[in-house]
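Notes follow the structure.
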Number of protein chains: 2
Amino acid sequence: MSNVPQHLRVPKGLAGVSVTDTKISTSEADGTLLYRGYAISDLAANAGFEETAFLVLNGSFPGKEELEAFTQELRKRAPVQDKVFGIMRELGKTAHPIDALRTAVSSLGSTDREETIDGKQFSLESKMSVLAANCYRVPRGERPTEPDHEQKFSDNLLHMLTKKERSDYERWVFERVLIFYMEHDMNASTFTVRVVASTLADPYAAATAGLAALKGPLHGGANEEAMKMLLEIGEPSKAAGYVERALREGKKVIGFGHRVYKDFDPRARLCKEYLKEILAKRGEDDRLYRLCDAIENEMWERKRIPPNLDYYAAPIFYLLGIEVPLYTPIFAASRTFGWMAHYNEQVEDNKLIRPDATYVGPSDLKYAPVERR
Amino acid sequence: MSNVPQHLRVPKGLAGVSVTDTKISTSEADGTLLYRGYAISDLAANAGFEETAFLVLNGSFPGKEELEAFTQELRKRAPVQDKVFGIMRELGKTAHPIDALRTAVSSLGSTDREETIDGKQFSLESKMSVLAANCYRVPRGERPTEPDHEQKFSDNLLHMLTKKERSDYERWVFERVLIFYMEHDMNASTFTVRVVASTLADPYAAATAGLAALKGPLHGGANEEAMKMLLEIGEPSKAAGYVERALREGKKVIGFGHRVYKDFDPRARLCKEYLKEILAKRGEDDRLYRLCDAIENEMWERKRIPPNLDYYAAPIFYLLGIEVPLYTPIFAASRTFGWMAHYNEQVEDNKLIRPDATYVGPSDLKYAPVERR
């Protein structure tokens, strides 16, 4: 890189600009998504959440003892101090769940007594799911839901979110969706986490900043907006008219398009199958599936734009009985593992991320007192 | 920029990479620092904090009515709700001040009732100084210090920080130091703020992320570490030996070196004069000045590295009676105005900041059950 000029101007938004090497994951325009070299379809078919989290964090799948130790470390640290819930409660019933989650995570930086980076990360990863399950109910004055140490990560989170018993298949699907949300190479929140990690700030600070990025409608919130749109349209027969009108009015159809995937998002494809299968296994009317499918077809016919993960994760969360404001917190709970993998990769071979800007303002101006302006 | 290749690799840490145009400020290797076209020496000689903040935010100095309105908007929003202090108190007496400040700022996103971006920014800018003054004392169980609506921004902050009366000259110097900390083009926290702003997250989220970056020892904390070093060395006669030993042992001498300024940091030069003058006006022994000067000379003789702002701001804060853990919160309180200028510049012509990474990990790996690993 020694031949790079001193002041290099790059495309806006750093689009297409590679800021680092990474071994964590890669997504390609053709619909490839690999975590540490494993295809997302392979992981979806075979892997559990904990072993995938271990893989993403450490670069290879755990052996039996490693997996057991990892699972135990996560479980051990799940309980959240009452004072953290108390802080959430102080935020009041109009608090945005992501704001509440961010404030709670920020407070862990002061209230957790972990000494090591590893310990802090385990604590954060584990507590994030408890806080995600509580970031909507606790600010509204409801009692916190507590983790169950006997359950695996995904079952535990689903139970905290809904308090309902679900079939083996539905719990398996929820675990798949969590695996899909865990990691997706460089994106606005992961990049934010890496920038903060590059100052050598602690994991709580980095995750707090990641959640700050997720607050923005250009990054987080899409699964929630997608569900609201699906509920608004309601009937498969209305899909074509909705899409036609939205495109005519220049409105965004939520859940479509992706910076990387041009033909299909592999995670959305799998979620679409799961959605159909959940309804089939329940023997329920498949209206929601047909609605999703109709909008997808209309968007493809008119614009050649495929649906993304958020679009098909949303109706699955809906069928599982999860309240819509919790969809992005779930994303955050799972993505925390990806964030920490990037935190570690950044810190292991660190250089402070400190770009330049090109000054295009005036010069040689001289101060004049307010009376003479 | 259309001739830039699709996947452009850039230097690590984005060093020397211009990620955006800016009209806010520029710093140059030759010791130039301009805010909106005005030299920092001109501003230091003539300008007040409020009008400089207006300048940085809006691009030109305010007229009389504009300045009055801006000052009033800031004052009006200074009071902080008890519940925010309550959240700080919950963090407990071992809370790091920057963690406490970050958590409190994050909570403003839920507790402030501001509707507009402008209102949110005024509230944040104003409350940040109150929270900075309280982020060390309140977690330790002390009563919050409240803002005084009759005083100007810098006097008010200094009084909240120290509860002491200071001479006109010393208050004038404190205002200069705040002006110096207000803005410094692209740096890790400002870039973090811009990344978060690019998701269209609100100002509270963006500032929370900026504070997360300041937590890292490669970005924040240098003024505190510089003061600890000065207190540790203690005597001018020990300066040469300390520097010699530090360099021999490969230890960093805190407060020296800057990514931009190679010959001198213009803000450090001015602060050095102020430091000398404070001691002269007090008629006090100038040991602290001679100590700073001796280390500076030694570093220049041996390494040709000049001191930076943090190095000479620290002894000024010390003489003003400010506790060392508050030095970085003061930086944050002033820098918030710069952060918001960058927030606005980002949002006005926005594109999501979403870089790429280069995948250098394995591919074609296949899942095997845990028993067969």
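Naming works like this for the structure tokens: A, B, ... for the chains as they're shown, residue 1 at the start of each chain, ligands 1 onward in shown order.
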Determine, counting only C-alpha atoms, which protein, DNA and RNA residues have an atom within 12 Å of an atom of Asp82 of chain A; residues of the same chain fewer than 5 positions away are not included. Present the result as a short mmCIF file (atom, residue, chain, number, x, y, z; two decimals) with N, CA, C and O atoms, in the first residue's frame.
```
data_model
loop_
_atom_site.label_atom_id
_atom_site.label_comp_id
_atom_site.auth_asym_id
_atom_site.auth_seq_id
_atom_site.Cartn_x
_atom_site.Cartn_y
_atom_site.Cartn_z
N ILE A 87 -32.72 1.28 35.93
CA ILE A 87 -32.35 2.35 34.98
C ILE A 87 -33.29 2.33 33.78
O ILE A 87 -33.78 3.37 33.34
N MET A 88 -33.56 1.14 33.27
CA MET A 88 -34.52 1.03 32.14
C MET A 88 -35.89 1.59 32.53
O MET A 88 -36.54 2.27 31.74
N ARG A 89 -36.30 1.27 33.75
CA ARG A 89 -37.63 1.72 34.20
C ARG A 89 -37.69 3.25 34.27
O ARG A 89 -38.71 3.85 33.93
N ALA A 104 -29.11 0.69 28.84
CA ALA A 104 -28.82 -0.43 29.75
C ALA A 104 -27.44 -1.02 29.47
O ALA A 104 -26.67 -1.30 30.39
N SER A 107 -24.79 1.13 30.76
CA SER A 107 -24.67 1.05 32.22
C SER A 107 -23.90 -0.19 32.67
O SER A 107 -23.32 -0.20 33.76
N LEU A 108 -23.89 -1.24 31.84
CA LEU A 108 -23.11 -2.43 32.19
C LEU A 108 -21.63 -2.09 32.33
O LEU A 108 -20.90 -2.72 33.09
N THR A 111 -21.53 -1.21 35.93
CA THR A 111 -22.11 -2.08 36.96
C THR A 111 -21.55 -3.50 36.92
O THR A 111 -21.59 -4.20 37.93
N LEU A 131 -31.59 -8.29 28.21
CA LEU A 131 -31.96 -6.88 28.08
C LEU A 131 -32.84 -6.66 26.85
O LEU A 131 -33.78 -5.85 26.89
N VAL A 138 -39.99 -3.41 30.38
CA VAL A 138 -39.56 -2.79 31.64
C VAL A 138 -39.76 -1.27 31.64
O VAL A 138 -40.25 -0.73 32.63
N ARG A 143 -42.84 -6.10 35.00
CA ARG A 143 -41.75 -6.79 35.70
C ARG A 143 -40.79 -7.42 34.68
O ARG A 143 -41.21 -7.90 33.64
N PRO A 144 -39.51 -7.44 35.00
CA PRO A 144 -38.55 -8.08 34.09
C PRO A 144 -38.83 -9.57 33.95
O PRO A 144 -39.27 -10.21 34.91
N THR A 145 -38.57 -10.10 32.77
CA THR A 145 -38.59 -11.55 32.59
C THR A 145 -37.17 -12.05 32.78
O THR A 145 -36.22 -11.45 32.30
N GLU A 146 -37.04 -13.14 33.49
CA GLU A 146 -35.71 -13.63 33.87
C GLU A 146 -35.29 -14.79 32.98
O GLU A 146 -36.12 -15.55 32.50
N GLU B 90 -27.04 5.40 40.25
CA GLU B 90 -27.16 3.94 40.25
C GLU B 90 -25.87 3.26 39.78
O GLU B 90 -25.63 2.10 40.07
N LEU B 91 -25.08 3.97 38.98
CA LEU B 91 -23.87 3.35 38.41
C LEU B 91 -22.82 3.08 39.48
O LEU B 91 -21.95 2.25 39.28
#
```
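The strand (DSSP E or B) portion of segment 16-172 of chain B consists of Val17, Ser18, Val19, Thr20, Asp21, Thr22, Ser25, Thr26, Ser27, Leu33, Leu34, Tyr35, Tyr38 and Ala39 of chain B, with states taken from DSSP on the backbone.
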Interface rows for segment 172-255 of chain B against segment 194-217 of chain A: nearest pair, Å to one decimal, 10 Å, only C-alpha atoms, as JSON lines:
```
{"residue": "B:Ala188", "atom": "CA", "partner": "A:Val195", "partner_atom": "CA", "distance": 7.0}
{"residue": "B:Ser189", "atom": "CA", "partner": "A:Val196", "partner_atom": "CA", "distance": 7.9}
{"residue": "B:Phe191", "atom": "CA", "partner": "A:Val195", "partner_atom": "CA", "distance": 8.3}
{"residue": "B:Thr192", "atom": "CA", "partner": "A:Val195", "partner_atom": "CA", "distance": 6.7}
{"residue": "B:Val193", "atom": "CA", "partner": "A:Ala213", "partner_atom": "CA", "distance": 9.2}
{"residue": "B:Val195", "atom": "CA", "partner": "A:Ala213", "partner_atom": "CA", "distance": 7.5}
{"residue": "B:Val196", "atom": "CA", "partner": "A:Ala213", "partner_atom": "CA", "distance": 4.7}
{"residue": "B:Ala197", "atom": "CA", "partner": "A:Gly216", "partner_atom": "CA", "distance": 7.6}
{"residue": "B:Ser198", "atom": "CA", "partner": "A:Gly216", "partner_atom": "CA", "distance": 7.9}
{"residue": "B:Thr199", "atom": "CA", "partner": "A:Gly216", "partner_atom": "CA", "distance": 4.4}
{"residue": "B:Leu200", "atom": "CA", "partner": "A:Gly216", "partner_atom": "CA", "distance": 4.6}
{"residue": "B:Ala201", "atom": "CA", "partner": "A:Gly216", "partner_atom": "CA", "distance": 3.6}
{"residue": "B:Asp202", "atom": "CA", "partner": "A:Gly216", "partner_atom": "CA", "distance": 7.2}
{"residue": "B:Pro203", "atom": "CA", "partner": "A:Ala212", "partner_atom": "CA", "distance": 9.7}
{"residue": "B:Tyr204", "atom": "CA", "partner": "A:Ala212", "partner_atom": "CA", "distance": 8.5}
{"residue": "B:Ala205", "atom": "CA", "partner": "A:Ala212", "partner_atom": "CA", "distance": 4.7}
{"residue": "B:Ala206", "atom": "CA", "partner": "A:Ala212", "partner_atom": "CA", "distance": 6.4}
{"residue": "B:Ala207", "atom": "CA", "partner": "A:Ala212", "partner_atom": "CA", "distance": 8.8}
{"residue": "B:Thr208", "atom": "CA", "partner": "A:Ala209", "partner_atom": "CA", "distance": 6.8}
{"residue": "B:Ala209", "atom": "CA", "partner": "A:Ala209", "partner_atom": "CA", "distance": 4.3}
{"residue": "B:Gly210", "atom": "CA", "partner": "A:Ala209", "partner_atom": "CA", "distance": 7.8}
{"residue": "B:Leu211", "atom": "CA", "partner": "A:Ala205", "partner_atom": "CA", "distance": 8.3}
{"residue": "B:Ala212", "atom": "CA", "partner": "A:Ala205", "partner_atom": "CA", "distance": 4.7}
{"residue": "B:Ala213", "atom": "CA", "partner": "A:Val196", "partner_atom": "CA", "distance": 4.7}
{"residue": "B:Leu214", "atom": "CA", "partner": "A:Thr199", "partner_atom": "CA", "distance": 7.6}
{"residue": "B:Lys215", "atom": "CA", "partner": "A:Ala201", "partner_atom": "CA", "distance": 5.2}
{"residue": "B:Gly216", "atom": "CA", "partner": "A:Ala201", "partner_atom": "CA", "distance": 3.6}
{"residue": "B:Pro217", "atom": "CA", "partner": "A:Leu200", "partner_atom": "CA", "distance": 6.1}
{"residue": "B:Leu218", "atom": "CA", "partner": "A:Thr199", "partner_atom": "CA", "distance": 4.7}
{"residue": "B:His219", "atom": "CA", "partner": "A:Thr199", "partner_atom": "CA", "distance": 5.7}
{"residue": "B:Gly220", "atom": "CA", "partner": "A:Thr199", "partner_atom": "CA", "distance": 8.3}
```
Calculate how many Å separate atom CA of Tyr38 of chain A from atom CA of Tyr367 of chain B, rounding to one decimal. 7.2 Å
Segment 101-157 of chain A: which residues are helix (DSSP H, G or I) by DSSP, as a VMD selection string? chain A and resid 101 to 111 117 to 134 153 to 157
Which neighbours of segment 241-248 of chain A fall inside 9 Å, counting only C-alpha atoms, when residues of the same chain fewer than 4 positions from it are skipped, and could you give them as a PyMOL selection string? chain A and resi 233+237+252-253+295+298-299+302
Name all residues at most 12 Å from Val173 of chain A (count only C-alpha atoms; drop same-chain ones fewer than 3 positions away) and give them as a ChimeraX atom specification. /A:44-49,154-155,158,166-170,176-180,267,270-278,312-313,316-317,319-320
Neighbours of Val56 of chain B within 10 Å (only C-alpha atoms; same-chain residues fewer than 5 positions away dropped), as number ranges by chain? B: 23-25, 35-37, 50-51, 61, 182-183, 337-342
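Among the candidate residues A:Lys238, A:His149, A:Arg140, A:Arg269, the one lying nearest to Gln72 of chain A is A:His149, with distances computed using only C-alpha atoms.
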Report the distance between atom CA of Lys152 of chain A and atom CA of Leu55 of chain A in Å, rounded to one decimal place. 16.6 Å
